[in-house]
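A.B. asks: My structure is stored as run_23.cif, with mmCIF, N, CA and C atoms.
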```
data_structure
loop_
_atom_site.label_atom_id
_atom_site.label_comp_id
_atom_site.auth_asym_id
_atom_site.auth_seq_id
_atom_site.Cartn_x
_atom_site.Cartn_y
_atom_site.Cartn_z
N LEU E 662 83.00 -36.09 -87.06
CA LEU E 662 83.22 -37.40 -87.62
C LEU E 662 82.11 -37.64 -88.61
N THR E 663 82.46 -38.05 -89.81
CA THR E 663 81.45 -38.26 -90.83
C THR E 663 81.56 -39.66 -91.39
N GLY E 664 80.48 -40.14 -91.98
CA GLY E 664 80.49 -41.39 -92.70
C GLY E 664 80.50 -42.63 -91.84
N LEU E 665 80.09 -42.57 -90.59
CA LEU E 665 80.05 -43.76 -89.76
C LEU E 665 78.84 -44.59 -90.14
N GLY E 666 79.06 -45.89 -90.30
CA GLY E 666 77.97 -46.81 -90.61
C GLY E 666 77.39 -47.40 -89.35
N ALA E 667 76.42 -48.24 -89.52
CA ALA E 667 75.76 -48.89 -88.38
C ALA E 667 76.32 -50.28 -88.19
N GLY E 668 77.66 -50.39 -88.10
CA GLY E 668 78.27 -51.67 -87.81
C GLY E 668 78.45 -52.55 -89.02
N ASP E 669 78.37 -51.98 -90.24
CA ASP E 669 78.51 -52.81 -91.42
C ASP E 669 79.95 -53.14 -91.74
N GLY E 670 80.90 -52.58 -91.02
CA GLY E 670 82.30 -52.89 -91.22
C GLY E 670 82.95 -52.10 -92.33
N ASP E 671 82.17 -51.36 -93.12
CA ASP E 671 82.72 -50.61 -94.23
C ASP E 671 82.61 -49.11 -94.01
N ALA E 672 82.38 -48.68 -92.81
CA ALA E 672 82.23 -47.26 -92.50
C ALA E 672 83.57 -46.56 -92.57
N THR E 673 83.53 -45.27 -92.90
CA THR E 673 84.74 -44.47 -92.88
C THR E 673 84.57 -43.33 -91.91
N ALA E 674 85.69 -42.91 -91.34
CA ALA E 674 85.69 -41.81 -90.38
C ALA E 674 86.71 -40.79 -90.81
N GLN E 675 86.40 -39.51 -90.62
CA GLN E 675 87.31 -38.46 -91.01
C GLN E 675 87.36 -37.39 -89.95
N ALA E 676 87.91 -37.73 -88.79
CA ALA E 676 88.02 -36.74 -87.73
C ALA E 676 89.08 -37.15 -86.74
N ALA E 677 89.61 -36.16 -86.07
CA ALA E 677 90.56 -36.44 -84.98
C ALA E 677 89.77 -36.57 -83.69
N PRO E 678 90.20 -37.45 -82.81
CA PRO E 678 89.51 -37.58 -81.53
C PRO E 678 89.61 -36.31 -80.71
N SER E 679 88.57 -36.03 -79.96
CA SER E 679 88.60 -34.86 -79.10
C SER E 679 89.13 -35.26 -77.73
N ALA E 680 89.37 -34.29 -76.90
CA ALA E 680 89.96 -34.55 -75.59
C ALA E 680 88.97 -35.10 -74.59
N GLY E 681 87.69 -34.87 -74.78
CA GLY E 681 86.73 -35.30 -73.77
C GLY E 681 85.55 -36.02 -74.35
N PRO E 682 84.68 -36.52 -73.49
CA PRO E 682 83.51 -37.25 -73.94
C PRO E 682 82.60 -36.37 -74.78
N GLY E 683 81.93 -37.00 -75.75
CA GLY E 683 81.01 -36.28 -76.61
C GLY E 683 79.71 -35.97 -75.89
N THR E 684 78.92 -35.13 -76.52
CA THR E 684 77.64 -34.75 -75.95
C THR E 684 76.58 -34.77 -77.03
N ALA E 685 76.51 -35.85 -77.79
CA ALA E 685 75.55 -35.94 -78.88
C ALA E 685 74.12 -35.78 -78.34
N ALA E 686 73.35 -34.94 -79.00
CA ALA E 686 71.98 -34.69 -78.58
C ALA E 686 71.14 -35.95 -78.74
N GLY E 687 70.28 -36.21 -77.79
CA GLY E 687 69.36 -37.32 -77.88
C GLY E 687 69.93 -38.67 -77.53
N VAL E 688 71.19 -38.75 -77.16
CA VAL E 688 71.80 -40.03 -76.81
C VAL E 688 71.61 -40.27 -75.32
N PRO E 689 70.87 -41.34 -74.95
CA PRO E 689 70.71 -41.61 -73.52
C PRO E 689 72.05 -41.94 -72.89
N ARG E 690 72.29 -41.48 -71.69
CA ARG E 690 73.58 -41.67 -71.03
C ARG E 690 73.43 -42.54 -69.79
N THR E 691 74.47 -43.34 -69.50
CA THR E 691 74.52 -44.10 -68.26
C THR E 691 74.91 -43.16 -67.13
N SER E 692 74.99 -43.67 -65.93
CA SER E 692 75.40 -42.84 -64.79
C SER E 692 76.81 -42.31 -64.97
N ASP E 693 77.64 -43.01 -65.78
CA ASP E 693 78.99 -42.53 -66.08
C ASP E 693 78.99 -41.49 -67.19
N GLY E 694 77.85 -41.28 -67.84
CA GLY E 694 77.77 -40.32 -68.92
C GLY E 694 78.04 -40.90 -70.29
N VAL E 695 78.15 -42.23 -70.40
CA VAL E 695 78.40 -42.84 -71.70
C VAL E 695 77.08 -43.28 -72.33
N GLY E 696 77.07 -43.34 -73.65
CA GLY E 696 75.84 -43.63 -74.38
C GLY E 696 75.67 -45.07 -74.81
N CYS E 697 76.64 -45.94 -74.53
CA CYS E 697 76.52 -47.34 -74.91
C CYS E 697 77.49 -48.18 -74.08
N VAL E 698 77.21 -49.47 -74.03
CA VAL E 698 78.10 -50.42 -73.36
C VAL E 698 78.09 -51.71 -74.17
N GLY E 699 79.28 -52.29 -74.39
CA GLY E 699 79.39 -53.59 -75.05
C GLY E 699 78.86 -53.60 -76.46
N ALA E 700 78.04 -54.60 -76.78
CA ALA E 700 77.54 -54.79 -78.14
C ALA E 700 76.81 -53.56 -78.67
N ASP E 701 76.18 -52.79 -77.79
CA ASP E 701 75.49 -51.58 -78.24
C ASP E 701 76.46 -50.53 -78.78
N CYS E 702 77.74 -50.65 -78.47
CA CYS E 702 78.75 -49.70 -78.95
C CYS E 702 79.27 -50.04 -80.35
N THR E 703 79.12 -51.29 -80.78
CA THR E 703 79.66 -51.69 -82.08
C THR E 703 79.07 -50.81 -83.18
N GLY E 704 79.95 -50.21 -83.97
CA GLY E 704 79.55 -49.34 -85.06
C GLY E 704 79.32 -47.89 -84.66
N GLN E 705 79.44 -47.59 -83.38
CA GLN E 705 79.18 -46.23 -82.89
C GLN E 705 80.47 -45.41 -82.82
N ASP E 706 80.30 -44.09 -82.90
CA ASP E 706 81.40 -43.14 -82.77
C ASP E 706 81.80 -43.05 -81.29
N PRO E 707 83.05 -43.36 -80.94
CA PRO E 707 83.45 -43.35 -79.53
C PRO E 707 83.32 -41.99 -78.86
N GLU E 708 83.53 -40.92 -79.60
CA GLU E 708 83.41 -39.58 -79.02
C GLU E 708 81.95 -39.20 -78.81
N ALA E 709 81.11 -39.45 -79.79
CA ALA E 709 79.69 -39.12 -79.67
C ALA E 709 79.02 -39.92 -78.55
N MET E 710 79.51 -41.13 -78.29
CA MET E 710 78.95 -41.98 -77.24
C MET E 710 79.57 -41.70 -75.87
N GLY E 711 80.55 -40.79 -75.82
CA GLY E 711 81.17 -40.45 -74.54
C GLY E 711 82.17 -41.47 -74.04
N CYS E 712 82.65 -42.34 -74.92
CA CYS E 712 83.58 -43.40 -74.52
C CYS E 712 85.05 -42.96 -74.57
N GLY E 713 85.34 -41.82 -75.18
CA GLY E 713 86.71 -41.32 -75.28
C GLY E 713 87.11 -40.54 -74.05
N GLY E 714 88.08 -39.67 -74.22
CA GLY E 714 88.52 -38.80 -73.14
C GLY E 714 88.93 -39.56 -71.90
N GLN E 715 88.35 -39.23 -70.76
CA GLN E 715 88.71 -39.83 -69.48
C GLN E 715 88.37 -41.31 -69.41
N PHE E 716 87.52 -41.80 -70.32
CA PHE E 716 87.11 -43.20 -70.28
C PHE E 716 87.94 -44.09 -71.21
N ALA E 717 88.97 -43.55 -71.85
CA ALA E 717 89.74 -44.32 -72.83
C ALA E 717 91.23 -44.27 -72.54
N SER E 718 91.91 -45.31 -72.99
CA SER E 718 93.37 -45.34 -72.90
C SER E 718 93.91 -46.05 -74.13
N THR E 719 95.16 -45.75 -74.46
CA THR E 719 95.84 -46.45 -75.54
C THR E 719 96.46 -47.70 -74.94
N THR E 720 96.08 -48.86 -75.47
CA THR E 720 96.57 -50.12 -74.90
C THR E 720 97.69 -50.74 -75.72
N THR E 721 97.72 -50.46 -77.01
CA THR E 721 98.75 -50.99 -77.90
C THR E 721 99.01 -49.96 -78.98
N ARG E 722 100.26 -49.83 -79.38
CA ARG E 722 100.58 -48.88 -80.46
C ARG E 722 101.71 -49.42 -81.31
N ALA E 723 101.78 -48.91 -82.54
CA ALA E 723 102.87 -49.27 -83.45
C ALA E 723 103.07 -48.11 -84.42
N THR E 724 104.26 -48.02 -84.95
CA THR E 724 104.56 -47.03 -85.97
C THR E 724 104.62 -47.74 -87.32
N VAL E 725 103.89 -47.18 -88.28
CA VAL E 725 103.85 -47.74 -89.63
C VAL E 725 104.22 -46.61 -90.59
N GLY E 726 105.39 -46.69 -91.18
CA GLY E 726 105.80 -45.65 -92.12
C GLY E 726 105.74 -44.25 -91.56
N GLY E 727 106.07 -44.08 -90.30
CA GLY E 727 106.06 -42.77 -89.67
C GLY E 727 104.71 -42.35 -89.10
N ARG E 728 103.69 -43.17 -89.30
CA ARG E 728 102.36 -42.88 -88.74
C ARG E 728 102.17 -43.70 -87.48
N LEU E 729 101.39 -43.19 -86.55
CA LEU E 729 101.13 -43.90 -85.30
C LEU E 729 99.74 -44.52 -85.35
N VAL E 730 99.69 -45.85 -85.22
CA VAL E 730 98.42 -46.57 -85.16
C VAL E 730 98.26 -47.11 -83.74
N GLU E 731 97.07 -46.92 -83.17
CA GLU E 731 96.83 -47.28 -81.77
C GLU E 731 95.51 -48.04 -81.60
N VAL E 732 95.50 -48.95 -80.63
CA VAL E 732 94.24 -49.50 -80.13
C VAL E 732 93.84 -48.61 -78.96
N ARG E 733 92.64 -48.04 -79.05
CA ARG E 733 92.07 -47.26 -77.96
C ARG E 733 91.00 -48.13 -77.31
N TYR E 734 90.97 -48.15 -75.98
CA TYR E 734 90.07 -49.04 -75.25
C TYR E 734 89.37 -48.28 -74.14
N SER E 735 88.08 -48.54 -74.02
CA SER E 735 87.29 -47.98 -72.92
C SER E 735 86.72 -49.13 -72.11
N GLU E 736 87.23 -49.31 -70.90
CA GLU E 736 86.69 -50.34 -70.01
C GLU E 736 85.25 -50.01 -69.65
N THR E 737 84.96 -48.72 -69.45
CA THR E 737 83.61 -48.29 -69.10
C THR E 737 82.61 -48.68 -70.17
N CYS E 738 82.99 -48.55 -71.43
CA CYS E 738 82.09 -48.87 -72.55
C CYS E 738 82.25 -50.31 -73.04
N ALA E 739 83.28 -51.02 -72.57
CA ALA E 739 83.57 -52.39 -73.02
C ALA E 739 83.70 -52.41 -74.54
N ALA E 740 84.51 -51.47 -75.05
CA ALA E 740 84.67 -51.33 -76.49
C ALA E 740 86.07 -50.81 -76.83
N ALA E 741 86.47 -51.06 -78.07
CA ALA E 741 87.77 -50.60 -78.56
C ALA E 741 87.58 -49.98 -79.94
N TRP E 742 88.54 -49.16 -80.33
CA TRP E 742 88.58 -48.58 -81.66
C TRP E 742 90.03 -48.33 -82.02
N ALA E 743 90.26 -48.03 -83.29
CA ALA E 743 91.61 -47.75 -83.76
C ALA E 743 91.73 -46.27 -84.07
N ARG E 744 92.95 -45.75 -83.85
CA ARG E 744 93.23 -44.35 -84.17
C ARG E 744 94.54 -44.31 -84.95
N LEU E 745 94.58 -43.47 -85.98
CA LEU E 745 95.77 -43.27 -86.80
C LEU E 745 96.08 -41.79 -86.81
N THR E 746 97.30 -41.42 -86.42
CA THR E 746 97.68 -40.01 -86.35
C THR E 746 98.93 -39.74 -87.18
N ASP E 747 99.15 -38.46 -87.48
CA ASP E 747 100.27 -38.02 -88.31
C ASP E 747 100.26 -38.74 -89.65
N ALA E 748 99.07 -38.92 -90.20
CA ALA E 748 98.89 -39.70 -91.41
C ALA E 748 98.67 -38.81 -92.63
N GLU E 749 98.56 -39.43 -93.78
CA GLU E 749 98.30 -38.73 -95.03
C GLU E 749 96.85 -38.98 -95.45
N PRO E 750 96.21 -37.98 -96.07
CA PRO E 750 94.86 -38.21 -96.58
C PRO E 750 94.84 -39.44 -97.49
N GLY E 751 93.88 -40.30 -97.26
CA GLY E 751 93.77 -41.55 -98.03
C GLY E 751 94.29 -42.77 -97.29
N ASP E 752 95.15 -42.57 -96.27
CA ASP E 752 95.56 -43.70 -95.42
C ASP E 752 94.30 -44.23 -94.74
N THR E 753 94.28 -45.53 -94.43
CA THR E 753 93.13 -46.11 -93.75
C THR E 753 93.55 -46.79 -92.46
N VAL E 754 92.59 -46.90 -91.56
CA VAL E 754 92.81 -47.53 -90.27
C VAL E 754 91.65 -48.49 -90.01
N ARG E 755 91.95 -49.61 -89.37
CA ARG E 755 90.94 -50.64 -89.11
C ARG E 755 91.11 -51.18 -87.70
N VAL E 756 90.02 -51.45 -87.03
CA VAL E 756 90.04 -52.16 -85.76
C VAL E 756 89.37 -53.51 -85.99
N GLU E 757 89.95 -54.54 -85.40
CA GLU E 757 89.40 -55.89 -85.52
C GLU E 757 89.27 -56.51 -84.14
N ALA E 758 88.17 -57.21 -83.93
CA ALA E 758 87.97 -58.01 -82.72
C ALA E 758 87.24 -59.26 -83.18
N GLY E 759 87.97 -60.36 -83.27
CA GLY E 759 87.39 -61.57 -83.84
C GLY E 759 87.05 -61.33 -85.30
N SER E 760 85.82 -61.61 -85.68
CA SER E 760 85.41 -61.42 -87.08
C SER E 760 84.79 -60.04 -87.33
N VAL E 761 84.69 -59.22 -86.30
CA VAL E 761 84.10 -57.88 -86.43
C VAL E 761 85.19 -56.87 -86.73
N ARG E 762 84.93 -56.00 -87.69
CA ARG E 762 85.90 -54.95 -88.00
C ARG E 762 85.18 -53.66 -88.36
N GLN E 763 85.88 -52.57 -88.12
CA GLN E 763 85.39 -51.24 -88.48
C GLN E 763 86.56 -50.49 -89.11
N ASP E 764 86.26 -49.63 -90.09
CA ASP E 764 87.29 -48.93 -90.85
C ASP E 764 87.11 -47.43 -90.78
N GLY E 765 88.22 -46.71 -90.95
CA GLY E 765 88.22 -45.26 -91.04
C GLY E 765 89.22 -44.82 -92.09
N THR E 766 88.99 -43.66 -92.69
CA THR E 766 89.88 -43.11 -93.71
C THR E 766 90.33 -41.72 -93.28
N VAL E 767 91.61 -41.46 -93.43
CA VAL E 767 92.18 -40.16 -93.07
C VAL E 767 91.78 -39.12 -94.10
N GLY E 768 91.33 -37.98 -93.60
CA GLY E 768 90.99 -36.85 -94.45
C GLY E 768 92.04 -35.76 -94.32
N ALA E 769 91.66 -34.53 -94.62
CA ALA E 769 92.58 -33.40 -94.63
C ALA E 769 93.19 -33.11 -93.27
N ASP E 770 92.52 -33.54 -92.18
CA ASP E 770 93.04 -33.25 -90.84
C ASP E 770 94.19 -34.17 -90.43
N ARG E 771 94.51 -35.17 -91.24
CA ARG E 771 95.66 -36.07 -91.07
C ARG E 771 95.53 -37.05 -89.92
N ASP E 772 94.35 -37.16 -89.33
CA ASP E 772 94.08 -38.13 -88.26
C ASP E 772 92.74 -38.80 -88.55
N ALA E 773 92.57 -40.02 -88.06
CA ALA E 773 91.27 -40.70 -88.19
C ALA E 773 91.13 -41.71 -87.06
N TYR E 774 89.89 -42.00 -86.74
CA TYR E 774 89.61 -43.11 -85.84
C TYR E 774 88.41 -43.86 -86.38
N THR E 775 88.28 -45.10 -85.95
CA THR E 775 87.21 -45.96 -86.43
C THR E 775 86.01 -45.92 -85.50
N PRO E 776 84.88 -46.42 -85.97
CA PRO E 776 83.80 -46.72 -85.04
C PRO E 776 84.27 -47.83 -84.09
N MET E 777 83.52 -48.05 -83.03
CA MET E 777 83.92 -49.02 -82.01
C MET E 777 83.50 -50.45 -82.34
N VAL E 778 84.20 -51.39 -81.69
CA VAL E 778 83.81 -52.79 -81.67
C VAL E 778 83.73 -53.21 -80.20
N ALA E 779 82.77 -54.05 -79.87
CA ALA E 779 82.63 -54.54 -78.50
C ALA E 779 83.74 -55.53 -78.19
N VAL E 780 84.35 -55.40 -77.02
CA VAL E 780 85.38 -56.33 -76.56
C VAL E 780 85.21 -56.56 -75.07
N GLU E 781 85.59 -57.75 -74.62
CA GLU E 781 85.57 -58.02 -73.18
C GLU E 781 86.83 -57.51 -72.52
N ASP E 782 87.91 -57.42 -73.30
CA ASP E 782 89.21 -57.00 -72.78
C ASP E 782 89.97 -56.30 -73.89
N ALA E 783 90.84 -55.38 -73.55
CA ALA E 783 91.63 -54.66 -74.54
C ALA E 783 92.44 -55.61 -75.41
N GLU E 784 92.85 -56.74 -74.86
CA GLU E 784 93.65 -57.73 -75.60
C GLU E 784 92.89 -58.35 -76.76
N ASP E 785 91.57 -58.17 -76.80
CA ASP E 785 90.75 -58.76 -77.85
C ASP E 785 90.81 -57.97 -79.16
N ALA E 786 91.39 -56.77 -79.15
CA ALA E 786 91.36 -55.90 -80.32
C ALA E 786 92.75 -55.68 -80.90
N ARG E 787 92.79 -55.47 -82.21
CA ARG E 787 94.02 -55.03 -82.85
C ARG E 787 93.68 -53.94 -83.85
N ALA E 788 94.63 -53.04 -84.06
CA ALA E 788 94.46 -51.91 -84.98
C ALA E 788 95.47 -52.04 -86.10
N CYS E 789 95.02 -51.83 -87.33
CA CYS E 789 95.90 -51.93 -88.49
C CYS E 789 95.77 -50.69 -89.36
N ALA E 790 96.87 -50.33 -89.98
CA ALA E 790 96.89 -49.19 -90.90
C ALA E 790 97.33 -49.67 -92.27
N THR E 791 96.71 -49.10 -93.29
CA THR E 791 97.15 -49.30 -94.67
C THR E 791 97.41 -47.92 -95.23
N LEU E 792 98.65 -47.67 -95.59
CA LEU E 792 99.04 -46.35 -96.09
C LEU E 792 98.81 -46.26 -97.58
N ILE E 793 98.69 -45.04 -98.09
CA ILE E 793 98.47 -44.87 -99.52
C ILE E 793 99.64 -45.40 -100.33
N SER E 794 100.79 -45.54 -99.70
CA SER E 794 101.97 -46.12 -100.36
C SER E 794 101.84 -47.63 -100.52
N GLY E 795 100.86 -48.24 -99.83
CA GLY E 795 100.68 -49.69 -99.86
C GLY E 795 101.26 -50.39 -98.64
N ARG E 796 102.03 -49.66 -97.86
CA ARG E 796 102.62 -50.25 -96.66
C ARG E 796 101.54 -50.51 -95.62
N THR E 797 101.65 -51.64 -94.90
CA THR E 797 100.68 -52.00 -93.87
C THR E 797 101.39 -52.37 -92.58
N GLY E 798 100.67 -52.28 -91.49
CA GLY E 798 101.20 -52.68 -90.20
C GLY E 798 100.11 -52.64 -89.16
N CYS E 799 100.32 -53.38 -88.07
CA CYS E 799 99.29 -53.50 -87.03
C CYS E 799 99.87 -53.29 -85.64
N ALA E 800 99.03 -52.80 -84.77
CA ALA E 800 99.30 -52.75 -83.34
C ALA E 800 98.43 -53.83 -82.73
N ALA E 801 99.08 -54.87 -82.24
CA ALA E 801 98.34 -56.02 -81.71
C ALA E 801 98.87 -56.37 -80.33
N PRO E 802 98.03 -56.92 -79.48
CA PRO E 802 98.48 -57.32 -78.15
C PRO E 802 99.57 -58.37 -78.22
N GLY E 803 100.37 -58.40 -77.17
CA GLY E 803 101.38 -59.44 -77.06
C GLY E 803 102.68 -58.97 -77.48
#
```
Rewrite the coordinates I just gave you, this time as structure tokens.

C.D. replies:
Amino acid sequence: LTGLGAGDGDATAQAAPSAGPGTAAGVPRTSDGVGCVGADCTGQDPEAMGCGGQFASTTTRATVGGRLVEVRYSETCAAAWARLTDAEPGDTVRVEAGSVRQDGTVGADRDAYTPMVAVEDAEDARACATLISGRTGCAAPG
């Protein structure tokens, strides 16, 4: 994953999520093996912080122009992020929780996910995709 910012909301991501928790060197881990919880996760890579894999689930999904946009949520980390799969390079994905947002851009691997935003509940987050064609759509609770 490249181009992640420190919570500035304008970060881009260019990687597909891995199947298990990350093992970033130098990241202190909780007893669950995760590197952040709540507000400390905002702007962080969910895989590098160990919040993905067994600690994450898809809570909401939608199809936008043949692409799948999802809200991914980790109760352990108290954070959510957006994932866009089967996409085209240049498509973008965004996660929003209140006024906080994080963005990712699809690269050659055709998948992207955003940095995390802190949430108290999965229902607090929504994921939106903007395709290079201009088409937009969101996966939102409810």

A.B. asks: What would the selection look like, as a ChimeraX atom specification, if the PyMOL selection byres ((chain E and resi 712) around 8) were run on the coordinates I just shared?

C.D. replies: /E:681-683,694-697,706-711,713-718,734-739

A.B. asks: Would you export the selected residues with N, CA and C atoms as a tab-separated table (two decimals), in the frame of the given file, please?

C.D. replies:
```tsv
chain	number	residue	atom	x	y	z
E	681	GLY	N	87.69	-34.87	-74.78
E	681	GLY	CA	86.73	-35.30	-73.77
E	681	GLY	C	85.55	-36.02	-74.35
E	682	PRO	N	84.68	-36.52	-73.49
E	682	PRO	CA	83.51	-37.25	-73.94
E	682	PRO	C	82.60	-36.37	-74.78
E	683	GLY	N	81.93	-37.00	-75.75
E	683	GLY	CA	81.01	-36.28	-76.61
E	683	GLY	C	79.71	-35.97	-75.89
E	694	GLY	N	77.85	-41.28	-67.84
E	694	GLY	CA	77.77	-40.32	-68.92
E	694	GLY	C	78.04	-40.90	-70.29
E	695	VAL	N	78.15	-42.23	-70.40
E	695	VAL	CA	78.40	-42.84	-71.70
E	695	VAL	C	77.08	-43.28	-72.33
E	696	GLY	N	77.07	-43.34	-73.65
E	696	GLY	CA	75.84	-43.63	-74.38
E	696	GLY	C	75.67	-45.07	-74.81
E	697	CYS	N	76.64	-45.94	-74.53
E	697	CYS	CA	76.52	-47.34	-74.91
E	697	CYS	C	77.49	-48.18	-74.08
E	706	ASP	N	80.30	-44.09	-82.90
E	706	ASP	CA	81.40	-43.14	-82.77
E	706	ASP	C	81.80	-43.05	-81.29
E	707	PRO	N	83.05	-43.36	-80.94
E	707	PRO	CA	83.45	-43.35	-79.53
E	707	PRO	C	83.32	-41.99	-78.86
E	708	GLU	N	83.53	-40.92	-79.60
E	708	GLU	CA	83.41	-39.58	-79.02
E	708	GLU	C	81.95	-39.20	-78.81
E	709	ALA	N	81.11	-39.45	-79.79
E	709	ALA	CA	79.69	-39.12	-79.67
E	709	ALA	C	79.02	-39.92	-78.55
E	710	MET	N	79.51	-41.13	-78.29
E	710	MET	CA	78.95	-41.98	-77.24
E	710	MET	C	79.57	-41.70	-75.87
E	711	GLY	N	80.55	-40.79	-75.82
E	711	GLY	CA	81.17	-40.45	-74.54
E	711	GLY	C	82.17	-41.47	-74.04
E	713	GLY	N	85.34	-41.82	-75.18
E	713	GLY	CA	86.71	-41.32	-75.28
E	713	GLY	C	87.11	-40.54	-74.05
E	714	GLY	N	88.08	-39.67	-74.22
E	714	GLY	CA	88.52	-38.80	-73.14
E	714	GLY	C	88.93	-39.56	-71.90
E	715	GLN	N	88.35	-39.23	-70.76
E	715	GLN	CA	88.71	-39.83	-69.48
E	715	GLN	C	88.37	-41.31	-69.41
E	716	PHE	N	87.52	-41.80	-70.32
E	716	PHE	CA	87.11	-43.20	-70.28
E	716	PHE	C	87.94	-44.09	-71.21
E	717	ALA	N	88.97	-43.55	-71.85
E	717	ALA	CA	89.74	-44.32	-72.83
E	717	ALA	C	91.23	-44.27	-72.54
E	718	SER	N	91.91	-45.31	-72.99
E	718	SER	CA	93.37	-45.34	-72.90
E	718	SER	C	93.91	-46.05	-74.13
E	734	TYR	N	90.97	-48.15	-75.98
E	734	TYR	CA	90.07	-49.04	-75.25
E	734	TYR	C	89.37	-48.28	-74.14
E	735	SER	N	88.08	-48.54	-74.02
E	735	SER	CA	87.29	-47.98	-72.92
E	735	SER	C	86.72	-49.13	-72.11
E	736	GLU	N	87.23	-49.31	-70.90
E	736	GLU	CA	86.69	-50.34	-70.01
E	736	GLU	C	85.25	-50.01	-69.65
E	737	THR	N	84.96	-48.72	-69.45
E	737	THR	CA	83.61	-48.29	-69.10
E	737	THR	C	82.61	-48.68	-70.17
E	738	CYS	N	82.99	-48.55	-71.43
E	738	CYS	CA	82.09	-48.87	-72.55
E	738	CYS	C	82.25	-50.31	-73.04
E	739	ALA	N	83.28	-51.02	-72.57
E	739	ALA	CA	83.57	-52.39	-73.02
E	739	ALA	C	83.70	-52.41	-74.54
```

A.B. asks: Quote the spacing between CA of Arg787 in chain E and CA of Arg733 in chain E in Å to one decimal place.

C.D. replies: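 Separation of CA of Arg787 in chain E and CA of Arg733 in chain E: 9.4 Å.
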
A.B. asks: So how many Å separate CA of Met777 in chain E and CA of Ala740 in chain E, to one decimal?

C.D. replies: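 Distance between the two atoms: 6.0 Å.
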
A.B. asks: Dig up all the protein and nucleic acid residues within 7 Å of (97.6, -44.2, -97.1) in the file frame, using all atoms listed in the file, and format them as JSON, numbers by chain.

C.D. replies: {"E": [749, 750, 751, 752, 753, 791, 792, 793, 794, 795]}

A.B. asks: Would you compute the box with edges along x, y and z of the file around range 703-710 of chain E, including every atom the file lists for it and 3 Å extra on each side, and give its centre and edge lengths in Å to one decimal, as AutoDock Vina command-line options?

C.D. replies:
```
--center_x 81.2 --center_y -45.4 --center_z -80.5 --size_x 10.6 --size_y 18.6 --size_z 15.2
```

A.B. asks: With only C-alpha atoms as the counted atoms, please give the residues lying no more than 12 Å from Arg744 in chain E, apart from itself and same-chain residues fewer than 2 positions off, as a PyMOL selection string.

C.D. replies: chain E and resi 674-679+706-707+713+717-724+728-734+741-742+746-748+752-756+763-767+771-777+787-790+799-800

A.B. asks: Grab the CA of Cys702 in chain E to CA of Ala786 in chain E distance for me, in Å with one decimal place.

C.D. replies: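 CA of Cys702 in chain E sits 14.1 Å away from CA of Ala786 in chain E.
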